[in-house]
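The file target-v3.json contains JSON, C-alpha atoms and all ligand atoms:
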```json
[["chain", "number", "residue", "atom", "x", "y", "z"],
["K", 1, "MET", "CA", 0.00, 0.00, 0.00],
["K", 2, "ILE", "CA", 0.98, 3.64, -0.40],
["K", 3, "ILE", "CA", 1.84, 5.20, 2.96],
["K", 4, "THR", "CA", 0.68, 8.76, 3.46],
["K", 5, "GLN", "CA", 0.72, 11.30, 6.27],
["K", 6, "GLN", "CA", -1.51, 14.33, 6.53],
["K", 7, "LYS", "CA", 0.25, 17.68, 6.24],
["K", 8, "GLY", "CA", -0.07, 20.11, 9.13],
["K", 9, "PHE", "CA", -3.28, 22.17, 9.10],
["K", 10, "ASP", "CA", -1.35, 25.46, 8.87],
["K", 11, "GLU", "CA", 0.49, 24.24, 5.80],
["K", 12, "ILE", "CA", -2.79, 23.10, 4.21],
["K", 13, "ILE", "CA", -4.71, 26.34, 4.71],
["K", 14, "LYS", "CA", -1.77, 28.45, 3.55],
["K", 15, "HIS", "CA", -2.88, 27.54, 0.02],
["K", 16, "LEU", "CA", -6.63, 28.06, 0.46],
["K", 17, "LYS", "CA", -8.25, 31.45, -0.06],
["K", 18, "SER", "CA", -9.59, 32.86, 3.17],
["K", 19, "GLY", "CA", -13.27, 31.93, 3.70],
["K", 20, "SER", "CA", -13.55, 30.05, 0.39],
["K", 21, "LYS", "CA", -15.87, 27.14, -0.43],
["K", 22, "VAL", "CA", -14.04, 23.82, -0.19],
["K", 23, "PHE", "CA", -14.87, 20.28, -1.31],
["K", 24, "ILE", "CA", -12.83, 17.55, 0.41],
["K", 25, "VAL", "CA", -11.76, 14.28, -1.23],
["K", 26, "GLY", "CA", -10.45, 11.37, 0.85],
["K", 27, "CYS", "CA", -9.52, 7.79, -0.01],
["K", 28, "GLY", "CA", -11.24, 4.60, 1.10],
["K", 29, "GLU", "CA", -8.12, 2.44, 0.75],
["K", 30, "CYS", "CA", -4.53, 3.28, 1.72],
["K", 31, "SER", "CA", -5.15, 6.75, 3.18],
["K", 32, "THR", "CA", -7.92, 5.29, 5.35],
["K", 33, "VAL", "CA", -5.51, 2.70, 6.78],
["K", 34, "CYS", "CA", -2.84, 5.38, 7.26],
["K", 35, "GLN", "CA", -5.37, 7.60, 9.07],
["K", 36, "ALA", "CA", -4.53, 10.39, 6.66],
["K", 37, "GLY", "CA", -7.68, 10.65, 4.53],
["K", 38, "GLY", "CA", -10.34, 8.18, 5.68],
["K", 39, "GLU", "CA", -13.80, 9.16, 6.88],
["K", 40, "LYS", "CA", -12.66, 10.22, 10.35],
["K", 41, "GLU", "CA", -9.87, 12.42, 9.01],
["K", 42, "VAL", "CA", -12.13, 13.94, 6.33],
["K", 43, "LEU", "CA", -14.76, 14.82, 8.95],
["K", 44, "ASP", "CA", -12.07, 16.20, 11.29],
["K", 45, "MET", "CA", -10.75, 18.33, 8.42],
["K", 46, "LYS", "CA", -14.28, 19.51, 7.62],
["K", 47, "LYS", "CA", -14.73, 20.70, 11.20],
["K", 48, "LYS", "CA", -11.33, 22.38, 11.36],
["K", 49, "LEU", "CA", -12.00, 24.22, 8.09],
["K", 50, "GLN", "CA", -15.44, 25.33, 9.24],
["K", 51, "ASP", "CA", -14.02, 26.50, 12.56],
["K", 52, "SER", "CA", -11.49, 28.53, 10.58],
["K", 53, "GLY", "CA", -14.15, 30.27, 8.50],
["K", 54, "TYR", "CA", -14.25, 28.08, 5.39],
["K", 55, "ILE", "CA", -17.47, 26.77, 3.86],
["K", 56, "VAL", "CA", -17.27, 23.03, 3.26],
["K", 57, "VAL", "CA", -19.72, 22.35, 0.41],
["K", 58, "GLY", "CA", -19.30, 18.58, 0.59],
["K", 59, "TYR", "CA", -16.92, 15.70, 0.71],
["K", 60, "ALA", "CA", -16.37, 12.31, -0.91],
["K", 61, "ILE", "CA", -14.29, 9.27, -0.08],
["K", 62, "PRO", "CA", -13.96, 7.24, -3.28],
["K", 63, "GLN", "CA", -12.84, 3.69, -2.68],
["K", 64, "ALA", "CA", -9.58, 4.17, -4.59],
["K", 65, "PRO", "CA", -9.16, 7.64, -6.09],
["K", 66, "CYS", "CA", -6.05, 6.51, -7.97],
["K", 67, "ILE", "CA", -8.39, 4.51, -10.25],
["K", 68, "ALA", "CA", -9.99, 6.65, -12.97],
["K", 69, "THR", "CA", -13.38, 4.90, -12.84],
["K", 70, "HIS", "CA", -13.69, 5.54, -9.08],
["K", 71, "VAL", "CA", -12.87, 9.23, -9.55],
["K", 72, "LYS", "CA", -15.29, 9.58, -12.46],
["K", 73, "LEU", "CA", -18.10, 8.01, -10.43],
["K", 74, "MET", "CA", -17.39, 10.42, -7.58],
["K", 75, "LEU", "CA", -17.36, 13.41, -9.94],
["K", 76, "VAL", "CA", -20.78, 12.42, -11.32],
["K", 77, "LYS", "CA", -22.25, 11.74, -7.87],
["K", 78, "HIS", "CA", -21.00, 15.06, -6.43],
["K", 79, "LYS", "CA", -21.33, 17.16, -9.60],
["K", 80, "LYS", "CA", -23.48, 19.88, -8.00],
["K", 81, "GLU", "CA", -21.25, 20.34, -4.93],
["K", 82, "ILE", "CA", -18.11, 20.38, -7.08],
["K", 83, "GLU", "CA", -19.62, 22.94, -9.47],
["K", 84, "ASN", "CA", -20.36, 25.08, -6.43],
["K", 85, "THR", "CA", -16.88, 24.90, -4.86],
["K", 86, "ASP", "CA", -13.95, 27.31, -5.14],
["K", 87, "GLU", "CA", -11.30, 24.75, -4.27],
["K", 88, "ILE", "CA", -10.80, 21.04, -3.71],
["K", 89, "LEU", "CA", -8.68, 19.67, -0.88],
["K", 90, "VAL", "CA", -7.41, 16.13, -1.45],
["K", 91, "LEU", "CA", -6.41, 13.88, 1.46],
["K", 92, "THR", "CA", -4.85, 11.06, -0.55],
["K", 93, "CYS", "CA", -1.46, 10.05, -1.89],
["K", 94, "GLY", "CA", 0.01, 11.84, -4.90],
["K", 95, "LEU", "CA", -1.60, 9.24, -7.16],
["K", 96, "GLY", "CA", -5.08, 10.21, -6.00],
["K", 97, "VAL", "CA", -4.34, 13.92, -6.43],
["K", 98, "GLN", "CA", -3.08, 13.48, -9.98],
["K", 99, "SER", "CA", -5.84, 11.07, -10.95],
["K", 100, "LEU", "CA", -8.42, 13.60, -9.76],
["K", 101, "ILE", "CA", -6.82, 16.49, -11.68],
["K", 102, "GLU", "CA", -6.56, 14.38, -14.83],
["K", 103, "ASN", "CA", -10.18, 13.25, -14.70],
["K", 104, "MET", "CA", -11.80, 16.50, -13.56],
["K", 105, "LYS", "CA", -11.38, 18.41, -16.80],
["K", 106, "CYS", "CA", -12.08, 21.75, -15.15],
["K", 107, "PHE", "CA", -10.04, 24.54, -13.63],
["K", 108, "ILE", "CA", -10.93, 24.36, -9.94],
["K", 109, "PRO", "CA", -7.71, 24.57, -7.91],
["K", 110, "VAL", "CA", -6.81, 21.24, -6.30],
["K", 111, "HIS", "CA", -4.82, 21.35, -3.05],
["K", 112, "VAL", "CA", -2.65, 18.62, -1.60],
["K", 113, "GLY", "CA", -3.38, 17.63, 1.99],
["K", 114, "CYS", "CA", -1.02, 14.69, 2.45],
["K", 115, "ASN", "CA", 2.59, 13.76, 1.98],
["K", 116, "THR", "CA", 3.20, 10.48, 0.16],
["K", 117, "LEU", "CA", 5.93, 8.66, 2.06],
["K", 118, "PHE", "CA", 6.60, 5.18, 0.65],
["K", 119, "ILE", "CA", 5.29, 1.80, -0.47],
["K", 120, "GLY", "CA", 4.96, -0.29, 2.65],
["K", 121, "THR", "CA", 3.30, -2.89, 4.78],
["K", 122, "VAL", "CA", 1.41, -2.32, 8.02],
["K", 123, "ASP", "CA", 1.56, -4.27, 11.28],
["K", 124, "SER", "CA", -1.48, -6.18, 12.54],
["K", 125, "GLY", "CA", -2.39, -3.33, 14.89],
["K", 126, "ALA", "CA", -2.48, -0.99, 11.85],
["K", 127, "LYS", "CA", -0.20, 1.38, 13.76],
["K", 128, "GLU", "CA", 3.24, 0.92, 12.26],
["K", 129, "PHE", "CA", 4.19, 1.12, 8.61],
["K", 130, "PHE", "CA", 7.34, -0.33, 7.10],
["K", 131, "GLU", "CA", 8.96, 0.57, 3.82],
["K", 132, "VAL", "CA", 9.54, -2.69, 1.97],
["K", 133, "CYS", "CA", 9.69, -1.95, -1.77],
["K", 134, "SER", "CA", 11.08, 0.94, -3.82],
["K", 135, "ALA", "CA", 9.37, -0.15, -7.06],
["K", 136, "CYS", "CA", 12.76, -0.50, -8.75],
["K", 137, "GLY", "CA", 11.31, -2.23, -11.81],
["K", 138, "ASP", "CA", 13.79, -5.12, -11.60],
["K", 139, "CYS", "CA", 12.68, -7.30, -8.70],
["K", 140, "THR", "CA", 15.36, -9.47, -7.12],
["K", 141, "LEU", "CA", 13.39, -10.76, -4.12],
["K", 142, "GLU", "CA", 13.72, -14.27, -5.55],
["K", 143, "TYR", "CA", 17.43, -14.24, -4.62],
["K", 144, "THR", "CA", 17.13, -12.57, -1.24],
["K", 145, "ALA", "CA", 14.54, -14.76, 0.48],
["K", 146, "GLY", "CA", 11.82, -12.19, -0.09],
["K", 147, "ILE", "CA", 13.60, -9.41, 1.84],
["K", 148, "CYS", "CA", 14.36, -6.34, -0.25],
["K", 149, "ALA", "CA", 18.01, -5.39, 0.24],
["K", 150, "TYR", "CA", 17.64, -2.50, -2.18],
["K", 151, "THR", "CA", 15.02, -0.91, 0.07],
["K", 152, "GLN", "CA", 16.05, -2.04, 3.53],
["K", 153, "CYS", "CA", 19.78, -1.52, 3.32],
["K", 154, "PRO", "CA", 20.47, 2.23, 3.79],
["K", 155, "LYS", "CA", 23.16, 1.93, 1.10],
["K", 156, "SER", "CA", 20.97, -0.25, -1.18],
["K", 157, "ILE", "CA", 23.82, -2.76, -1.35],
["K", 158, "LEU", "CA", 22.98, -5.71, -3.60],
["K", 159, "ASN", "CA", 25.93, -7.88, -2.52],
["K", 160, "GLY", "CA", 26.14, -7.49, 1.22],
["K", 161, "PRO", "CA", 26.89, -7.16, 3.95],
["K", 162, "CYS", "CA", 29.18, -4.17, 3.68],
["K", 163, "GLY", "CA", 32.34, -3.87, 5.76],
["K", 164, "GLY", "CA", 30.58, -1.72, 8.33],
["K", 165, "MET", "CA", 28.29, -4.45, 9.65],
["K", 166, "GLU", "CA", 29.14, -5.20, 13.27],
["K", 167, "GLY", "CA", 27.74, -8.04, 15.34],
["K", 168, "GLY", "CA", 24.88, -8.40, 12.90],
["K", 169, "MET", "CA", 23.87, -4.76, 13.22],
["K", 170, "CYS", "CA", 23.82, -2.06, 10.54],
["K", 171, "GLU", "CA", 26.55, 0.55, 10.64],
["K", 172, "VAL", "CA", 24.19, 3.30, 9.49],
["K", 173, "ASP", "CA", 21.53, 2.57, 12.11],
["K", 174, "LYS", "CA", 23.06, 0.64, 14.97],
["K", 175, "GLU", "CA", 19.63, -0.21, 16.39],
["K", 176, "LYS", "CA", 18.73, -2.06, 13.23],
["K", 177, "ASP", "CA", 19.73, -5.55, 12.08],
["K", 178, "CYS", "CA", 21.86, -5.54, 8.94],
["K", 179, "VAL", "CA", 19.42, -6.61, 6.25],
["K", 180, "TRP", "CA", 22.03, -8.90, 4.74],
["K", 181, "VAL", "CA", 22.24, -10.82, 8.02],
["K", 182, "LEU", "CA", 18.46, -11.21, 7.92],
["K", 183, "ILE", "CA", 18.69, -12.41, 4.34],
["K", 184, "TYR", "CA", 21.46, -14.86, 5.25],
["K", 185, "ASN", "CA", 19.45, -16.30, 8.14],
["K", 186, "LYS", "CA", 16.31, -16.65, 6.03],
["K", 187, "LEU", "CA", 18.19, -18.32, 3.16],
["K", 188, "LYS", "CA", 19.83, -20.67, 5.68],
["K", 189, "GLU", "CA", 16.41, -21.68, 7.04],
["K", 190, "GLN", "CA", 15.30, -22.38, 3.48],
["K", 191, "GLY", "CA", 18.45, -24.38, 2.60],
["K", 192, "ARG", "CA", 19.28, -21.88, -0.16],
["K", 193, "LEU", "CA", 22.60, -20.46, 1.08],
["K", 194, "ASP", "CA", 24.12, -21.02, -2.37],
["K", 195, "LEU", "CA", 22.30, -17.81, -3.36],
["K", 196, "MET", "CA", 24.57, -15.88, -0.97],
["K", 197, "GLU", "CA", 27.61, -16.93, -2.99],
["K", 198, "LYS", "CA", 26.42, -15.38, -6.23],
["K", 199, "ILE", "CA", 27.55, -11.88, -7.23],
["K", 200, "TYR", "CA", 24.57, -9.90, -8.37],
["K", 201, "PRO", "CA", 25.02, -7.27, -11.07],
["K", 202, "ALA", "CA", 23.91, -3.69, -10.60],
["K", 203, "LYS", "CA", 20.20, -3.19, -11.14],
["K", 204, "ASP", "CA", 19.05, -2.56, -14.67],
["K", 205, "PHE", "CA", 17.89, 1.01, -14.19],
["K", 206, "SER", "CA", 16.86, 1.26, -17.84],
["K", 207, "LYS", "CA", 13.77, -0.60, -16.62],
["K", 208, "HIS", "CA", 13.11, 2.31, -14.33],
["K", 209, "ARG", "CA", 13.37, 5.24, -16.72],
["K", 210, "LYS", "CA", 10.75, 7.76, -15.65],
["K", 211, "PRO", "CA", 7.93, 8.22, -16.31],
["K", 212, "LEU", "CA", 7.19, 4.51, -16.39],
["K", 213, "ARG", "CA", 4.21, 3.11, -18.21],
["K", 214, "ARG", "CA", 2.70, -0.34, -18.58],
["K", 215, "ILE", "CA", 0.02, -1.22, -21.09],
["K", 216, "LEU", "CA", -2.05, -4.41, -20.81],
["K", 217, "LYS", "CA", -2.47, -6.41, -24.01],
["I", 1, "LIG", "S1", 13.82, -5.57, -5.60],
["I", 1, "LIG", "FE1", 12.90, -4.47, -3.90],
["I", 1, "LIG", "S2", 12.51, -2.43, -4.73],
["I", 1, "LIG", "FE2", 12.78, -3.76, -6.47],
["I", 1, "LIG", "S3", 10.69, -4.42, -7.00],
["I", 1, "LIG", "FE3", 11.60, -6.01, -5.66],
["I", 1, "LIG", "S4", 10.90, -5.46, -3.61],
["I", 1, "LIG", "FE4", 10.60, -3.64, -4.89],
["I", 2, "LIG", "S1", 25.48, -2.89, 7.60],
["I", 2, "LIG", "FE1", 24.14, -4.07, 6.25],
["I", 2, "LIG", "S2", 22.20, -2.92, 6.10],
["I", 2, "LIG", "FE2", 23.76, -1.54, 6.97],
["I", 2, "LIG", "S3", 24.58, -0.45, 5.22],
["I", 2, "LIG", "FE3", 25.92, -2.22, 5.52],
["I", 2, "LIG", "S4", 25.01, -3.86, 4.22],
["I", 2, "LIG", "FE4", 23.48, -2.23, 4.41]]
```
Could you express the structure from this file as structure tokens?
Amino acid sequence: MIITQQKGFDEIIKHLKSGSKVFIVGCGECSTVCQAGGEKEVLDMKKKLQDSGYIVVGYAIPQAPCIATHVKLMLVKHKKEIENTDEILVLTCGLGVQSLIENMKCFIPVHVGCNTLFIGTVDSGAKEFFEVCSACGDCTLEYTAGICAYTQCPKSILNGPCGGMEGGMCEVDKEKDCVWVLIYNKLKEQGRLDLMEKIYPAKDFSKHRKPLRRILK
């Protein structure tokens, strides 16, 4: 999932015109789990805006605003409120913001209410988020027992550990296990230690030339 964090209220309203009419868009998927743009956060934002003199003309929480069909459905359902608003405040990741702008086809200013942090997993208490993939376009998890060295090693070392590893801990963050030790232990459990002996070439970054695009056949 895409991990987001709501921006501070002062930063958000810096971009809104004083006393303007605002429509709020949240996200029913990742931003809900991250408590950045789910129903509770959208309603909290509505109240804060109203308390600060803004007129909230409505709000919507499409299931996944990064998907064009979800955004289009929302735009149809909330057409009147959106036609009546001065500005739109979006509490989603950057994907949701851009998907909304692309599908809106009008000139209402769209404001960004969240920072998009990383692609991650969440613990079972839905409290802690962990960065686990950098979407490098050349996945090598097969060779590293499903642990992403590229993401979890602060130096993104593909043939580790580096010389700084001490007692199994990472030299960059001494509180953290060296990811290559974790990979070694996992491969050992799986009887696949031969994979540690291979030298892996640098990633093929031509697969990651931006902006990336994938078209289904
Ligand atoms: S190697 Fe790591 S960063 Fe690249 S796709 Fe696989 S999990 Fe993501
Ligand atoms: S100690 Fe391990 S995790 Fe830390 S930078 Fe070196 S290889 Fe990467």
Draw an axis-aligned box over all listed atoms of stretch 145-155 of chain K, pad each side with 8 Å, and write its centre and edge lengths in Å, one decimal, as AutoDock Vina command-line options.
```
--center_x 17.5 --center_y -6.3 --center_z 0.8 --size_x 27.3 --size_y 33.0 --size_z 22.0
```
*Dump the neighbourhood of ligand LIG 1 (chain I) as a ChimeraX atom specification: all residues within 12 Å, distances computed on all atoms listed in the file.*
/K:118-121,131-153,156-158,200,202-205,207-208
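Our summary of the geometry notes that atom CA of K:Gly168 is positioned 19.6 Å from atom CA of K:Arg192.
Candidate residues K:His111, K:Lys80, K:Lys188, K:Lys48 were compared for distance to K:Val25, and the nearest is K:His111, using only C-alpha atoms.
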*Which one of K:Thr69, K:Leu89, K:Ser206, K:Gly38 sits closest to K:Ser20 if you count all atoms listed in the file?*
K:Leu89
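A distance cut-off of 8 Å from ligand LIG 2 (chain I), applied to all atoms listed in the file, picks out the residues Ala149, Gln152, Cys153, Pro154, Lys155, Ser156, Ile157, Asn159, Gly160, Pro161, Cys162, Gly163, Gly164, Met165, Glu166, Gly168, Met169, Cys170, Glu171, Val172, Asp173, Lys176, Asp177, Cys178, Val179, Trp180 and Val181 of chain K.
Atom CA of K:Val57 is positioned 9.9 Å from atom CA of K:Ile88.
Across the structure, atom CA of K:Ser124 and atom CA of K:Gly28 are spaced 18.5 Å apart.
Each of K:Gln35, K:Gln190, K:Thr4, K:Thr85 was checked against K:Val56 using only C-alpha atoms; the smallest atom-to-atom distance is that of K:Thr85.
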*asked:* Neighbouring residues of K:Ile101 were defined as those with any atom within 12 Å, considering only C-alpha atoms; residues of the same chain fewer than 4 positions away were excluded. Please report them as a VMD selection string.
replied: chain K and resid 25 65 to 66 68 71 to 72 75 87 to 90 94 to 97 105 to 112
For the residues selected in the previous step, produce a file with C-alpha atoms as a CSV table (one decimal), keeping the file's coordinate frame.
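Contents of selection28.csv, as written:
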```csv
chain,number,residue,atom,x,y,z
K,25,VAL,CA,-11.8,14.3,-1.2
K,65,PRO,CA,-9.2,7.6,-6.1
K,66,CYS,CA,-6.0,6.5,-8.0
K,68,ALA,CA,-10.0,6.6,-13.0
K,71,VAL,CA,-12.9,9.2,-9.6
K,72,LYS,CA,-15.3,9.6,-12.5
K,75,LEU,CA,-17.4,13.4,-9.9
K,87,GLU,CA,-11.3,24.8,-4.3
K,88,ILE,CA,-10.8,21.0,-3.7
K,89,LEU,CA,-8.7,19.7,-0.9
K,90,VAL,CA,-7.4,16.1,-1.4
K,94,GLY,CA,0.0,11.8,-4.9
K,95,LEU,CA,-1.6,9.2,-7.2
K,96,GLY,CA,-5.1,10.2,-6.0
K,97,VAL,CA,-4.3,13.9,-6.4
K,105,LYS,CA,-11.4,18.4,-16.8
K,106,CYS,CA,-12.1,21.8,-15.2
K,107,PHE,CA,-10.0,24.5,-13.6
K,108,ILE,CA,-10.9,24.4,-9.9
K,109,PRO,CA,-7.7,24.6,-7.9
K,110,VAL,CA,-6.8,21.2,-6.3
K,111,HIS,CA,-4.8,21.4,-3.0
K,112,VAL,CA,-2.6,18.6,-1.6
```
